[in-house]
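As provided, entry_37.txt (compact mmCIF, C-alpha atoms) reads as follows.
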```
# COMPACT_ATOMS: atom_id res chain seq x y z
CA LEU A 258 0.00 0.00 0.00
CA ALA A 259 1.36 3.40 -0.97
CA LYS A 260 2.15 5.80 1.86
CA THR A 261 2.71 9.52 1.55
CA THR A 262 4.35 12.00 3.89
CA GLN A 263 4.09 15.78 3.68
CA PRO A 264 4.99 18.50 6.19
CA ILE A 265 1.92 19.49 8.19
CA SER A 266 2.54 23.21 7.79
CA MET A 267 4.88 25.77 6.28
CA ASP A 268 5.22 29.51 6.66
CA SER A 269 6.49 31.92 4.03
CA TYR A 270 6.51 35.59 3.10
CA GLU A 271 5.17 37.26 0.01
CA GLY A 272 7.55 37.12 -2.93
CA GLN A 273 9.47 34.08 -1.71
CA GLU A 274 9.72 30.74 -3.46
CA VAL A 275 8.11 27.85 -1.59
CA ASN A 276 9.00 24.20 -2.04
CA ILE A 277 6.72 21.49 -0.61
CA THR A 278 7.97 17.91 -0.73
CA CYS A 279 5.86 14.77 -0.62
CA SER A 280 7.57 11.46 0.11
CA HIS A 281 5.90 8.42 -1.42
CA ASN A 282 7.91 5.26 -1.00
CA ASN A 283 5.81 2.80 -2.99
CA ILE A 284 3.63 4.09 -5.78
CA ALA A 285 2.17 2.72 -9.00
CA THR A 286 4.80 2.66 -11.71
CA ASN A 287 2.49 3.83 -14.48
CA ASP A 288 0.60 6.60 -12.69
CA TYR A 289 1.20 10.32 -12.61
CA ILE A 290 1.95 12.31 -9.47
CA THR A 291 -0.49 15.16 -9.03
CA TRP A 292 -0.73 18.17 -6.72
CA TYR A 293 -3.87 19.99 -5.64
CA GLN A 294 -4.59 23.20 -3.77
CA GLN A 295 -7.57 23.58 -1.45
CA PHE A 296 -9.11 26.67 0.12
CA PRO A 297 -11.58 26.46 3.03
CA SER A 298 -15.09 25.42 2.01
CA GLN A 299 -14.00 24.59 -1.55
CA GLY A 300 -13.06 21.44 -3.41
CA PRO A 301 -9.41 20.86 -4.30
CA ARG A 302 -8.07 22.63 -7.39
CA PHE A 303 -5.65 20.95 -9.80
CA ILE A 304 -2.21 22.58 -9.85
CA ILE A 305 0.19 20.36 -11.76
CA GLN A 306 0.88 16.77 -12.73
CA GLY A 307 4.00 14.89 -13.76
CA TYR A 308 5.56 11.47 -14.24
CA LYS A 309 9.31 12.06 -14.13
CA THR A 310 11.87 14.87 -14.11
CA LYS A 311 10.50 18.40 -14.18
CA VAL A 312 7.20 19.85 -15.29
CA THR A 313 6.36 23.55 -15.32
CA ASN A 314 3.14 25.42 -15.96
CA GLU A 315 2.02 29.00 -15.45
CA VAL A 316 1.60 28.65 -11.69
CA ALA A 317 4.07 26.02 -10.45
CA SER A 318 6.86 23.56 -11.13
CA LEU A 319 7.01 19.92 -10.16
CA PHE A 320 10.28 18.07 -9.62
CA ILE A 321 10.25 14.27 -9.59
CA PRO A 322 13.51 12.31 -9.16
CA ALA A 323 14.23 9.23 -11.24
CA ASP A 324 13.29 6.83 -8.43
CA ARG A 325 9.90 8.57 -8.02
CA LYS A 326 10.06 8.18 -4.24
CA SER A 327 9.29 11.85 -3.74
CA SER A 328 8.02 14.91 -5.54
CA THR A 329 8.52 18.60 -4.85
CA LEU A 330 5.99 21.28 -5.69
CA SER A 331 7.63 24.64 -6.25
CA LEU A 332 5.59 27.84 -6.04
CA PRO A 333 7.56 30.85 -7.31
CA ARG A 334 7.04 34.24 -5.67
CA VAL A 335 4.05 33.35 -3.47
CA SER A 336 1.37 35.90 -2.61
CA LEU A 337 -1.17 36.10 0.21
CA SER A 338 -3.72 34.36 -2.03
CA ASP A 339 -1.53 31.24 -2.09
CA THR A 340 -2.39 30.60 1.56
CA ALA A 341 -4.10 27.20 1.32
CA VAL A 342 -3.63 23.49 1.92
CA TYR A 343 -1.60 21.60 -0.68
CA TYR A 344 -2.04 17.87 -1.33
CA CYS A 345 -0.01 15.37 -3.32
CA LEU A 346 -1.86 12.48 -4.97
CA VAL A 347 -0.32 9.20 -6.10
CA GLY A 348 -1.52 5.85 -7.37
CA ASP A 349 -1.37 2.71 -5.28
CA PRO A 350 0.88 -0.01 -6.78
CA GLY A 351 -1.67 -2.69 -6.15
CA ASP A 352 -0.10 -4.98 -3.56
CA GLY A 353 -2.74 -6.83 -1.63
CA GLY A 354 -5.49 -6.04 -4.06
CA SER A 355 -5.37 -2.25 -3.72
CA GLN A 356 -4.57 -1.54 -7.37
CA GLY A 357 -6.57 1.31 -8.74
CA ASN A 358 -6.69 3.11 -5.40
CA LEU A 359 -5.49 6.70 -5.24
CA ILE A 360 -3.70 7.97 -2.16
CA PHE A 361 -3.71 11.60 -1.03
CA GLY A 362 -1.11 13.07 1.25
CA LYS A 363 -2.37 14.51 4.53
CA GLY A 364 -1.86 18.00 3.18
CA THR A 365 0.52 20.88 3.89
CA LYS A 366 -1.01 24.06 5.24
CA LEU A 367 0.90 26.96 3.68
CA SER A 368 0.61 30.33 5.36
CA VAL A 369 1.91 33.31 3.42
CA LYS A 370 2.55 36.48 5.42
CA PRO A 371 2.93 40.04 4.17
CA LYS B 45 -18.51 26.84 -18.86
CA ALA B 46 -20.37 25.37 -15.88
CA GLY B 47 -18.27 23.57 -13.29
CA VAL B 48 -18.90 20.34 -11.47
CA THR B 49 -22.27 20.54 -9.70
CA GLN B 50 -23.05 18.53 -6.60
CA THR B 51 -26.46 18.28 -4.97
CA PRO B 52 -27.49 18.70 -2.29
CA ARG B 53 -24.92 20.97 -0.63
CA TYR B 54 -25.92 19.90 2.89
CA LEU B 55 -27.67 16.83 4.18
CA ILE B 56 -28.59 15.49 7.61
CA LYS B 57 -29.45 11.82 7.95
CA THR B 58 -30.12 9.42 10.80
CA ARG B 59 -27.92 6.44 11.56
CA GLY B 60 -29.12 3.37 9.66
CA GLN B 61 -30.66 5.32 6.80
CA GLN B 62 -29.32 5.42 3.28
CA VAL B 63 -28.38 8.44 1.20
CA THR B 64 -27.86 9.24 -2.48
CA LEU B 65 -25.65 12.10 -3.62
CA SER B 66 -25.66 13.48 -7.13
CA CYS B 67 -22.92 14.88 -9.33
CA SER B 68 -23.15 16.58 -12.72
CA PRO B 69 -19.73 16.72 -14.40
CA ILE B 70 -18.43 19.40 -16.70
CA SER B 71 -19.94 19.02 -20.14
CA GLY B 72 -17.85 16.64 -22.22
CA HIS B 73 -16.10 15.05 -19.26
CA ARG B 74 -16.54 11.29 -19.25
CA SER B 75 -14.65 10.43 -16.09
CA VAL B 76 -16.20 11.04 -12.67
CA SER B 77 -14.64 10.20 -9.34
CA TRP B 78 -15.79 10.48 -5.72
CA TYR B 79 -13.88 11.30 -2.56
CA GLN B 80 -14.55 11.50 1.17
CA GLN B 81 -12.94 14.24 3.23
CA THR B 82 -12.86 14.22 7.03
CA PRO B 83 -10.68 16.08 9.55
CA GLY B 84 -9.28 12.81 10.85
CA GLN B 85 -8.65 10.81 7.68
CA GLY B 86 -8.19 13.65 5.20
CA LEU B 87 -9.03 13.09 1.55
CA GLN B 88 -9.80 9.51 0.59
CA PHE B 89 -10.61 8.13 -2.85
CA LEU B 90 -13.87 6.22 -3.15
CA PHE B 91 -14.22 5.22 -6.80
CA GLU B 92 -13.94 6.39 -10.37
CA TYR B 93 -16.30 5.84 -13.29
CA PHE B 94 -15.59 6.18 -16.99
CA SER B 95 -18.28 5.68 -19.61
CA GLU B 96 -20.64 4.09 -17.07
CA THR B 97 -18.04 1.55 -15.88
CA GLN B 98 -16.26 1.59 -12.54
CA ARG B 99 -12.60 1.81 -13.44
CA ASN B 100 -10.88 2.25 -10.07
CA LYS B 101 -11.90 1.72 -6.49
CA GLY B 102 -10.64 2.75 -3.09
CA ASN B 103 -10.68 0.84 0.18
CA PHE B 104 -14.21 1.51 1.36
CA PRO B 105 -16.80 -1.06 2.47
CA GLY B 106 -19.53 -2.27 0.16
CA ARG B 107 -21.99 0.12 1.79
CA PHE B 108 -20.50 2.75 -0.48
CA SER B 109 -21.53 2.34 -4.09
CA GLY B 110 -21.89 4.46 -7.16
CA ARG B 111 -23.01 4.53 -10.72
CA GLN B 112 -22.65 6.65 -13.81
CA PHE B 113 -25.34 7.31 -16.37
CA SER B 114 -25.03 7.58 -20.14
CA ASN B 115 -24.93 11.39 -19.88
CA SER B 116 -21.92 11.04 -17.52
CA ARG B 117 -23.88 12.23 -14.49
CA SER B 118 -23.05 10.16 -11.44
CA GLU B 119 -24.64 9.19 -8.16
CA MET B 120 -23.10 7.86 -4.99
CA ASN B 121 -25.07 5.82 -2.49
CA VAL B 122 -24.25 5.02 1.11
CA SER B 123 -26.44 2.44 2.83
CA THR B 124 -26.86 1.78 6.54
CA LEU B 125 -25.30 5.07 7.53
CA GLU B 126 -22.92 5.19 10.47
CA LEU B 127 -21.89 8.21 12.54
CA GLY B 128 -18.41 7.91 11.03
CA ASP B 129 -19.82 8.51 7.55
CA SER B 130 -20.26 12.18 8.44
CA ALA B 131 -17.97 13.94 5.99
CA LEU B 132 -17.64 16.19 2.99
CA TYR B 133 -18.20 14.12 -0.15
CA LEU B 134 -16.49 15.51 -3.21
CA CYS B 135 -17.10 14.68 -6.82
CA ALA B 136 -14.62 15.47 -9.59
CA SER B 137 -14.66 15.13 -13.36
CA SER B 138 -12.09 14.88 -16.11
CA PRO B 139 -12.09 14.59 -19.89
CA GLY B 140 -10.32 11.27 -19.51
CA GLN B 141 -7.07 11.85 -17.68
CA ILE B 142 -6.99 9.89 -14.49
CA HIS B 143 -5.70 12.53 -12.15
CA GLY B 144 -6.22 15.97 -13.69
CA TYR B 145 -9.62 16.42 -12.10
CA THR B 146 -11.90 19.43 -11.59
CA PHE B 147 -13.66 19.18 -8.25
CA GLY B 148 -17.09 20.31 -7.17
CA SER B 149 -17.73 22.09 -3.88
CA GLY B 150 -18.97 18.94 -2.22
CA THR B 151 -21.95 17.69 -0.24
CA ARG B 152 -21.65 18.01 3.52
CA LEU B 153 -23.28 14.91 5.05
CA THR B 154 -24.02 14.79 8.76
CA VAL B 155 -25.18 11.53 10.30
CA VAL B 156 -26.93 11.84 13.67
```
So that I can check it, write out the structure of this file as structure tokens.
Amino acid sequence: LAKTTQPISMDSYEGQEVNITCSHNNIATNDYITWYQQFPSQGPRFIIQGYKTKVTNEVASLFIPADRKSSTLSLPRVSLSDTAVYYCLVGDPGDGGSQGNLIFGKGTKLSVKP
Amino acid sequence: KAGVTQTPRYLIKTRGQQVTLSCSPISGHRSVSWYQQTPGQGLQFLFEYFSETQRNKGNFPGRFSGRQFSNSRSEMNVSTLELGDSALYLCASSPGQIHGYTFGSGTRLTVV
């Protein structure tokens, strides 16, 4: 069964770069790693998705090492509006009949201060 | 473009009852998945449907079931409700990618 570990919380200041790492020691080999952002009273919002190496879009970058045992979400120049909870999502490799299951991290609460 | 719509937004049920939650995906999206969110367990995947077929499933008991209709709309049913089923139930849809989902705002279920 896949397990994920994320820091519970992180603090930052406006304009700084923030890196949030999710450790996932045993994930499905053919699934993407995905990150979501969630604000209070809203559903999660898709940020970025990748399989290996580095992926970049207009809001974030995602770094995934070759062994895929972790992934790092990078938010450049955060603002107050980036204060939210960030989740990683990985696929379960399927040992013990759990194939097809998706595993969320417990979430990292990012607080951005002025 | 309308987002993912979940109804109802709030629901109160009594232990032992059953409940059906509804989800209308974004137009053109054929994949719909369901999730449970609680303060203690966080976000947990329930199941995913694609073209009316359950494609993936999480580790929830058989009391939790779902279905998808030909218009991609989906329903989730929970039978014999327990107090621990109180949670925010989220639906998400995608054109076909497994993980690039757009989420709805959820249905808040309270079991008393």
Shell around Asn287 (chain A) at 9 Å using only C-alpha atoms, local window under 5 positions removed, as an MDAnalysis selection string: chainID A and resid 308 348 350
If you count all atoms listed in the file, which residues fall within 7 Å of Phe94 (chain B), apart from same-chain ones fewer than 2 positions away, as a CSV table (one decimal) with C-alpha atoms, in the frame of the given file?
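Final file, selection.csv:
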```
chain,number,residue,atom,x,y,z
B,74,ARG,CA,-16.5,11.3,-19.2
B,75,SER,CA,-14.6,10.4,-16.1
B,76,VAL,CA,-16.2,11.0,-12.7
B,92,GLU,CA,-13.9,6.4,-10.4
B,96,GLU,CA,-20.6,4.1,-17.1
B,97,THR,CA,-18.0,1.6,-15.9
B,98,GLN,CA,-16.3,1.6,-12.5
B,99,ARG,CA,-12.6,1.8,-13.4
```
Select, as a VMD selection string, those residues of chain B with any atom no more than 6 Å from chain A (distances computed using only C-alpha atoms). chain B and resid 86 89 100 to 102 147 to 149
Within 7 Å of region 135-139 of chain B, counting only C-alpha atoms, which residues qualify if same-chain residues fewer than 5 places away don't, as a short mmCIF file (atom, residue, chain, number, x, y, z; two decimals) with C-alpha atoms, in the frame of the given file?
```cif
data_model
loop_
_atom_site.label_atom_id
_atom_site.label_comp_id
_atom_site.auth_asym_id
_atom_site.auth_seq_id
_atom_site.Cartn_x
_atom_site.Cartn_y
_atom_site.Cartn_z
CA VAL B 48 -18.90 20.34 -11.47
CA CYS B 67 -22.92 14.88 -9.33
CA PRO B 69 -19.73 16.72 -14.40
CA ILE B 70 -18.43 19.40 -16.70
CA GLY B 72 -17.85 16.64 -22.22
CA HIS B 73 -16.10 15.05 -19.26
CA ARG B 74 -16.54 11.29 -19.25
CA SER B 75 -14.65 10.43 -16.09
CA VAL B 76 -16.20 11.04 -12.67
CA SER B 77 -14.64 10.20 -9.34
CA TRP B 78 -15.79 10.48 -5.72
CA TYR B 79 -13.88 11.30 -2.56
CA GLY B 144 -6.22 15.97 -13.69
CA TYR B 145 -9.62 16.42 -12.10
CA THR B 146 -11.90 19.43 -11.59
CA PHE B 147 -13.66 19.18 -8.25
CA GLY B 148 -17.09 20.31 -7.17
CA GLY B 150 -18.97 18.94 -2.22
#
```
For CA of His281 (chain A) and CA of Ser130 (chain B), the interatomic separation in Å (one decimal):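 Between CA of His281 (chain A) and CA of Ser130 (chain B) the gap is 28.2 Å.
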Could all heavy atoms be built for region 130-141 of chain B and written out as a CSV table (one decimal), keeping the file's coordinate frame?
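Written out: out_26.csv:
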```
chain,number,residue,atom,x,y,z
B,130,SER,N,-20.2,10.7,8.5
B,130,SER,CA,-20.3,12.2,8.4
B,130,SER,C,-19.0,12.7,7.8
B,130,SER,O,-17.9,12.5,8.3
B,130,SER,CB,-20.5,12.8,9.8
B,130,SER,OG,-21.7,12.4,10.4
B,131,ALA,N,-19.1,13.5,6.7
B,131,ALA,CA,-18.0,13.9,6.0
B,131,ALA,C,-18.4,14.9,4.9
B,131,ALA,O,-19.6,15.0,4.6
B,131,ALA,CB,-17.2,12.8,5.4
B,132,LEU,N,-17.4,15.5,4.2
B,132,LEU,CA,-17.6,16.2,3.0
B,132,LEU,C,-17.4,15.2,1.8
B,132,LEU,O,-16.3,14.6,1.8
B,132,LEU,CB,-16.7,17.4,2.9
B,132,LEU,CG,-16.8,18.2,1.6
B,132,LEU,CD1,-18.1,19.0,1.6
B,132,LEU,CD2,-15.6,19.2,1.6
B,133,TYR,N,-18.4,15.0,1.0
B,133,TYR,CA,-18.2,14.1,-0.2
B,133,TYR,C,-18.0,15.0,-1.4
B,133,TYR,O,-18.9,15.8,-1.8
B,133,TYR,CB,-19.4,13.2,-0.3
B,133,TYR,CG,-19.4,12.2,0.8
B,133,TYR,CD1,-20.0,12.5,2.1
B,133,TYR,CD2,-18.7,11.0,0.7
B,133,TYR,CE1,-20.0,11.5,3.1
B,133,TYR,CE2,-18.7,10.1,1.8
B,133,TYR,CZ,-19.3,10.3,2.9
B,133,TYR,OH,-19.3,9.4,4.0
B,134,LEU,N,-16.9,14.7,-2.0
B,134,LEU,CA,-16.5,15.5,-3.2
B,134,LEU,C,-16.6,14.7,-4.5
B,134,LEU,O,-16.2,13.5,-4.5
B,134,LEU,CB,-15.1,16.0,-3.0
B,134,LEU,CG,-14.8,17.1,-1.9
B,134,LEU,CD1,-13.4,17.1,-1.5
B,134,LEU,CD2,-15.3,18.4,-2.4
B,135,CYS,N,-17.1,15.3,-5.5
B,135,CYS,CA,-17.1,14.7,-6.8
B,135,CYS,C,-16.1,15.5,-7.7
B,135,CYS,O,-16.0,16.7,-7.5
B,135,CYS,CB,-18.5,14.7,-7.4
B,135,CYS,SG,-18.7,14.3,-9.1
B,136,ALA,N,-15.5,14.8,-8.7
B,136,ALA,CA,-14.6,15.5,-9.6
B,136,ALA,C,-14.8,14.9,-11.0
B,136,ALA,O,-15.1,13.7,-11.1
B,136,ALA,CB,-13.2,15.3,-9.1
B,137,SER,N,-14.6,15.7,-12.0
B,137,SER,CA,-14.7,15.1,-13.4
B,137,SER,C,-13.4,15.5,-14.2
B,137,SER,O,-12.7,16.4,-13.8
B,137,SER,CB,-15.9,15.6,-14.0
B,137,SER,OG,-15.8,17.0,-14.4
B,138,SER,N,-13.2,14.7,-15.2
B,138,SER,CA,-12.1,14.9,-16.1
B,138,SER,C,-12.5,14.4,-17.5
B,138,SER,O,-13.3,13.6,-17.7
B,138,SER,CB,-10.9,14.0,-15.6
B,138,SER,OG,-9.9,13.9,-16.5
B,139,PRO,N,-11.8,15.0,-18.5
B,139,PRO,CA,-12.1,14.6,-19.9
B,139,PRO,C,-11.7,13.1,-20.1
B,139,PRO,O,-12.2,12.5,-21.0
B,139,PRO,CB,-11.2,15.5,-20.7
B,139,PRO,CG,-10.9,16.7,-19.9
B,139,PRO,CD,-10.9,16.2,-18.5
B,140,GLY,N,-10.8,12.6,-19.3
B,140,GLY,CA,-10.3,11.3,-19.5
B,140,GLY,C,-9.0,11.0,-18.8
B,140,GLY,O,-8.7,9.9,-18.5
B,141,GLN,N,-8.3,12.1,-18.4
B,141,GLN,CA,-7.1,11.8,-17.7
B,141,GLN,C,-7.4,11.4,-16.3
B,141,GLN,O,-8.4,11.8,-15.7
B,141,GLN,CB,-6.3,13.2,-17.5
B,141,GLN,CG,-5.7,13.7,-18.9
B,141,GLN,CD,-5.1,15.0,-18.7
B,141,GLN,OE1,-5.7,15.9,-18.1
B,141,GLN,NE2,-3.8,15.2,-19.1
```
